[in-house]
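Next comes my_file-v8.pdb, with PDB, C-alpha atoms.
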ATOM      1  CA  ALA K1367     -24.201  -2.255  16.573
ATOM      2  CA  HIS K1368     -21.375  -1.045  14.373
ATOM      3  CA  ASP K1369     -18.145  -1.823  16.223
ATOM      4  CA  PRO K1370     -15.302  -2.439  13.729
ATOM      5  CA  LEU K1371     -11.895  -3.800  14.648
ATOM      6  CA  PHE K1372      -9.054  -1.469  13.633
ATOM      7  CA  LEU K1373      -5.651  -2.970  12.820
ATOM      8  CA  VAL K1374      -2.896  -0.380  13.049
ATOM      9  CA  PRO K1375       0.904  -0.195  13.090
ATOM     10  CA  LEU K1376       2.719   0.273  16.418
ATOM     11  CA  GLY K1377       2.133   3.585  18.152
ATOM     12  CA  LEU K1378      -1.339   4.403  16.803
ATOM     13  CA  LYS K1379      -3.554   2.644  19.351
ATOM     14  CA  GLU K1380      -3.375   5.589  21.745
ATOM     15  CA  TRP K1381      -4.546   8.026  19.044
ATOM     16  CA  PHE K1382      -7.583   5.827  18.337
ATOM     17  CA  SER K1383      -8.324   5.496  22.072
ATOM     18  CA  ASP K1384      -8.100   9.269  22.484
ATOM     19  CA  ASN K1385     -10.775   9.498  19.784
ATOM     20  CA  GLY K1386     -13.161   7.045  21.463
ATOM     21  CA  ILE K1387     -12.238   3.970  19.425
ATOM     22  CA  SER K1388     -11.492   0.981  21.639
ATOM     23  CA  ARG K1389     -11.358  -2.069  19.328
ATOM     24  CA  VAL K1390      -7.797  -1.540  18.139
ATOM     25  CA  GLU K1391      -4.970  -4.047  17.665
ATOM     26  CA  GLU K1392      -1.434  -2.776  17.122
ATOM     27  CA  LEU K1393       0.962  -4.821  15.033
ATOM     28  CA  ASP K1394       4.692  -4.582  14.389
ATOM     29  CA  TRP K1395       6.191  -5.426  11.004
ATOM     30  CA  TRP K1396       5.658  -9.118  10.191
ATOM     31  CA  GLN K1397       3.189  -9.601  13.026
ATOM     32  CA  GLU K1398      -0.177 -10.953  12.017
ATOM     33  CA  LEU K1399      -3.672 -11.358  13.329
ATOM     34  CA  GLU K1400      -6.338 -13.752  12.141
ATOM     35  CA  TYR K1401      -9.879 -12.427  12.157
ATOM     36  CA  ARG K1402     -12.871 -14.328  10.813
ATOM     37  CA  GLY K1403     -10.669 -16.679   8.813
ATOM     38  CA  VAL K1404      -8.568 -13.940   7.194
ATOM     39  CA  ARG K1405      -4.899 -13.314   8.056
ATOM     40  CA  PHE K1406      -3.830  -9.671   8.253
ATOM     41  CA  VAL K1407      -0.067  -9.176   8.156
ATOM     42  CA  CYS K1408       1.620  -5.853   8.908
ATOM     43  CA  VAL K1409       4.461  -5.566   6.380
ATOM     44  CA  PRO K1410       7.293  -3.047   6.105
ATOM     45  CA  ALA K1411       6.878   0.205   4.203
ATOM     46  CA  GLN K1412       9.281   3.068   3.564
ATOM     47  CA  HIS K1413       7.796   6.410   4.608
ATOM     48  CA  PHE K1414       7.975   8.865   7.499
ATOM     49  CA  SER K1415       5.121   8.980   9.996
ATOM     50  CA  GLN K1416       3.596  12.085  11.541
ATOM     51  CA  ARG K1417       0.194  13.108  12.937
ATOM     52  CA  THR K1418       1.186  16.580  14.251
ATOM     53  CA  LEU K1419       4.098  19.000  13.926
ATOM     54  CA  TRP K1420       5.696  17.524  17.051
ATOM     55  CA  ASP K1421       5.549  13.747  16.618
ATOM     56  CA  GLY K1422       7.631  12.931  13.540
ATOM     57  CA  ASN K1423       8.533   9.241  13.246
ATOM     58  CA  GLN K1424       7.091   8.349  16.658
ATOM     59  CA  ARG K1425       4.843   5.662  15.132
ATOM     60  CA  LEU K1426       5.414   2.807  12.728
ATOM     61  CA  TRP K1427       4.469   3.148   9.046
ATOM     62  CA  ALA K1428       3.305  -0.023   7.325
ATOM     63  CA  SER K1429       1.751  -1.731   4.334
ATOM     64  CA  TRP K1430      -0.639  -4.690   4.702
ATOM     65  CA  ALA K1431      -1.104  -8.193   3.347
ATOM     66  CA  VAL K1432      -4.660  -9.531   3.561
ATOM     67  CA  LEU K1433      -4.665 -13.293   3.112
ATOM     68  CA  ALA K1434      -8.041 -14.992   2.781
ATOM     69  CA  PRO K1435      -8.518 -18.655   1.823
ATOM     70  CA  ASP K1436      -9.517 -17.681  -1.740
ATOM     71  CA  ARG K1437      -7.932 -14.212  -2.300
ATOM     72  CA  ARG K1438      -4.602 -12.579  -1.460
ATOM     73  CA  LEU K1439      -4.255  -8.778  -1.411
ATOM     74  CA  TYR K1440      -1.129  -6.671  -0.947
ATOM     75  CA  PHE K1441      -1.987  -3.074  -0.015
ATOM     76  CA  GLY K1442       1.164  -0.991  -0.332
ATOM     77  CA  GLY K1443      -0.467   2.272   0.675
ATOM     78  CA  ASP K1444       1.986   5.152   0.771
ATOM     79  CA  THR K1445       5.593   3.972   0.419
ATOM     80  CA  GLY K1446       8.792   4.472  -1.491
ATOM     81  CA  TYR K1447      10.377   1.634  -3.446
ATOM     82  CA  PHE K1448      12.662  -0.565  -1.342
ATOM     83  CA  ALA K1449      13.829  -4.178  -0.853
ATOM     84  CA  GLY K1450      10.870  -4.871   1.435
ATOM     85  CA  PHE K1451       8.733  -5.690  -1.595
ATOM     86  CA  ARG K1452      10.959  -8.659  -2.445
ATOM     87  CA  ASP K1453      10.866  -9.763   1.201
ATOM     88  CA  ALA K1454       7.062  -9.617   1.265
ATOM     89  CA  GLY K1455       6.835 -11.563  -1.987
ATOM     90  CA  GLN K1456       9.171 -14.261  -0.698
ATOM     91  CA  ARG K1457       7.477 -14.555   2.696
ATOM     92  CA  LEU K1458       3.822 -14.141   1.747
ATOM     93  CA  GLY K1459       3.394 -14.293  -2.040
ATOM     94  CA  PRO K1460       2.049 -14.888  -4.493
ATOM     95  CA  PHE K1461      -0.731 -12.295  -4.406
ATOM     96  CA  ASP K1462      -3.847 -11.983  -6.531
ATOM     97  CA  LEU K1463      -3.926  -8.176  -6.410
ATOM     98  CA  ALA K1464      -1.375  -5.546  -5.420
ATOM     99  CA  ALA K1465      -2.665  -2.011  -4.803
ATOM    100  CA  LEU K1466       0.428   0.166  -5.188
ATOM    101  CA  ALA K1467       0.959   3.924  -5.203
ATOM    102  CA  ILE K1468       1.937   5.404  -8.575
ATOM    103  CA  GLY K1469       1.757   9.165  -7.880
ATOM    104  CA  ALA K1470       3.443  12.035  -6.007
ATOM    105  CA  TYR K1471       6.988  11.292  -7.257
ATOM    106  CA  LEU K1472       8.224  14.733  -8.367
ATOM    107  CA  PRO K1473      10.550  16.342  -7.451
ATOM    108  CA  PRO K1474      12.582  13.174  -6.860
ATOM    109  CA  GLN K1475      14.939  14.888  -4.405
ATOM    110  CA  MET K1476      12.010  15.257  -2.003
ATOM    111  CA  MET K1477       9.720  12.361  -2.954
ATOM    112  CA  LYS K1478      11.915   9.350  -3.838
ATOM    113  CA  ALA K1479      12.248   8.032  -0.279
ATOM    114  CA  VAL K1480       8.495   8.083   0.397
ATOM    115  CA  HIS K1481       6.707   7.651  -2.972
ATOM    116  CA  MET K1482       7.254   5.435  -6.005
ATOM    117  CA  THR K1483       7.321   6.381  -9.641
ATOM    118  CA  PRO K1484       4.909   4.398 -11.824
ATOM    119  CA  GLU K1485       7.900   2.442 -13.132
ATOM    120  CA  GLU K1486       8.999   1.554  -9.586
ATOM    121  CA  ALA K1487       5.433   0.449  -8.810
ATOM    122  CA  VAL K1488       5.610  -1.999 -11.724
ATOM    123  CA  GLN K1489       8.907  -3.342 -10.333
ATOM    124  CA  ALA K1490       7.352  -3.650  -6.852
ATOM    125  CA  PHE K1491       4.401  -5.541  -8.402
ATOM    126  CA  LEU K1492       6.882  -8.012  -9.890
ATOM    127  CA  ASP K1493       8.887  -8.183  -6.647
ATOM    128  CA  ILE K1494       5.866  -9.196  -4.581
ATOM    129  CA  ASP K1495       4.703 -11.714  -7.205
ATOM    130  CA  SER K1496       1.212 -10.422  -7.868
ATOM    131  CA  ARG K1497      -1.180 -11.442 -10.635
ATOM    132  CA  VAL K1498      -2.739  -7.936 -10.991
ATOM    133  CA  LEU K1499      -1.405  -4.421 -10.322
ATOM    134  CA  LEU K1500      -3.905  -1.757  -9.274
ATOM    135  CA  GLY K1501      -2.439   1.750  -9.506
ATOM    136  CA  ILE K1502      -3.513   3.901  -6.529
ATOM    137  CA  HIS K1503      -2.445   7.193  -4.877
ATOM    138  CA  TRP K1504      -2.698   9.460  -7.907
ATOM    139  CA  GLY K1505      -4.957  12.203  -9.284
ATOM    140  CA  THR K1506      -6.992  12.937  -6.139
ATOM    141  CA  PHE K1507      -4.858  15.611  -4.486
ATOM    142  CA  ASP K1508      -2.257  17.802  -6.183
ATOM    143  CA  LEU K1509       0.578  16.633  -3.915
ATOM    144  CA  ALA K1510       3.579  16.860  -6.198
ATOM    145  CA  ASP K1511       5.010  18.453  -9.329
ATOM    146  CA  GLU K1512       3.928  15.864 -11.917
ATOM    147  CA  PRO K1513       0.681  16.543 -13.808
ATOM    148  CA  PRO K1514      -2.136  14.797 -11.850
ATOM    149  CA  GLY K1515      -3.134  12.621 -14.828
ATOM    150  CA  GLU K1516       0.402  11.495 -15.752
ATOM    151  CA  PRO K1517       0.942   8.449 -13.475
ATOM    152  CA  PRO K1518      -1.543   6.028 -15.136
ATOM    153  CA  GLY K1519      -0.057   6.523 -18.604
ATOM    154  CA  ARG K1520       3.456   5.971 -17.289
ATOM    155  CA  MET K1521       2.391   2.834 -15.391
ATOM    156  CA  LEU K1522       0.680   1.342 -18.446
ATOM    157  CA  ALA K1523       3.640   2.277 -20.696
ATOM    158  CA  GLU K1524       5.989   0.442 -18.309
ATOM    159  CA  ILE K1525       3.697  -2.605 -18.351
ATOM    160  CA  ARG K1526       3.882  -2.605 -22.179
ATOM    161  CA  ARG K1527       7.663  -1.999 -22.187
ATOM    162  CA  ARG K1528       8.182  -5.050 -19.973
ATOM    163  CA  GLY K1529       5.899  -7.243 -22.088
ATOM    164  CA  ILE K1530       3.376  -7.827 -19.297
ATOM    165  CA  ASP K1531      -0.199  -8.659 -20.317
ATOM    166  CA  PRO K1532      -2.088  -5.310 -20.080
ATOM    167  CA  ASP K1533      -5.070  -7.121 -18.492
ATOM    168  CA  ARG K1534      -2.836  -7.493 -15.413
ATOM    169  CA  ALA K1535      -2.614  -3.687 -14.944
ATOM    170  CA  TRP K1536      -5.659  -1.788 -13.684
ATOM    171  CA  ILE K1537      -6.341   1.925 -13.549
ATOM    172  CA  LEU K1538      -9.905   2.358 -12.282
ATOM    173  CA  LYS K1539     -12.198   5.129 -13.428
ATOM    174  CA  ILE K1540     -13.992   7.121 -10.718
ATOM    175  CA  GLY K1541     -16.645   4.817  -9.262
ATOM    176  CA  GLU K1542     -15.480   1.766 -11.202
ATOM    177  CA  THR K1543     -15.402  -1.645  -9.567
ATOM    178  CA  ARG K1544     -13.907  -4.903 -10.804
ATOM    179  CA  ARG K1545     -14.068  -8.499  -9.671
ATOM    180  CA  TRP K1546     -10.800 -10.166  -8.887
TER     181      TRP K1546
END

For this file, write the structure as structure tokens.
Amino acid sequence: AHDPLFLVPLGLKEWFSDNGISRVEELDWWQELEYRGVRFVCVPAQHFSQRTLWDGNQRLWASWAVLAPDRRLYFGGDTGYFAGFRDAGQRLGPFDLAALAIGAYLPPQMMKAVHMTPEEAVQAFLDIDSRVLLGIHWGTFDLADEPPGEPPGRMLAEIRRRGIDPDRAWILKIGETRRW
């Protein structure tokens, strides 16, 4: 039977239970759980949390480190740029792959605290000490004022500007997969 284990930040277990999902483990920032030989670490992120109009910031927002014996993934998810990337790199790095958001950054007055620019994503990639940067969170929904196709070009331009090997920066085409 299909019965997955859900790992969630603090405050979300009840929502899953209310929706009939019982295999849920809540983690606070820096807490970890080992499952089938893989360590999952809940790491800080900078974003508001909200499921309804009435529950703003009642639950923890987080990114995740997935640490297997032969691969190390940092999944930033939806977050603004902040010092937590350096902390994660120092505590848990290096990483093989960092999936970091590169879209929904304009206008900066509204988006800066919760979303990174492509240039900030490159800095976060360096902060967490990752071998490869995978740009995510762009081009699917028209969430912000930048053109939907702009973030990848800006990310790759920043990689070139900093003299980083372009093979270390991935923008996947729809349906594309890569081995890492």

If you apply the PyMOL selection byres ((chain K and resi 1533) around 12) to this file, what residues do you get, as a list in words? Arg1497, Val1498, Leu1499, Leu1500, Leu1522, Ile1525, Arg1526, Gly1529, Ile1530, Asp1531, Pro1532, Arg1534, Ala1535, Trp1536, Ile1537, Arg1544 and Trp1546 of chain K

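Counting only C-alpha atoms and comparing K:Phe1372, K:Arg1425, K:Leu1419, K:Asp1511, the residue that lies closest to Leu1472 in chain K is K:Asp1511.
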
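Distances here use all atoms listed in the file; by that measure, the residue among K:Glu1392, K:Asp1462, K:Asp1421, K:Asp1495 closest to Cys1408 in chain K is K:Glu1392.
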
Write out as a list in words the residues lying within 10 Å of Asp1369 in chain K, counting all atoms listed in the file and excluding same-chain residues fewer than 6 positions away. Ile1387, Ser1388 and Arg1389 of chain K

Do a neighbour search on range 1433-1447 of chain K at 6 Å with all atoms listed in the file, toss out local chain neighbours closer than 6 positions, and write the hits as a list in words. Val1404, Arg1405, Ala1411, Gln1412, His1413, Phe1461, Asp1462, Leu1463, Ala1464, Ala1465, Leu1466, Ala1479, Val1480, His1481 and Met1482 of chain K

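With all atoms listed in the file as the atoms that count, the residue of K:Glu1512, K:Arg1402, K:Leu1376, K:Met1521 with the shortest distance to Pro1474 in chain K is K:Glu1512.
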
I'd like to see the residues matched by the PyMOL selection byres ((chain K and resi 1514) around 12) on this file, and ideally I'd get them as a count of residues only. 22

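Interatomic distance, CA of Ser1429 in chain K to CA of Phe1414 in chain K: 12.7 Å.
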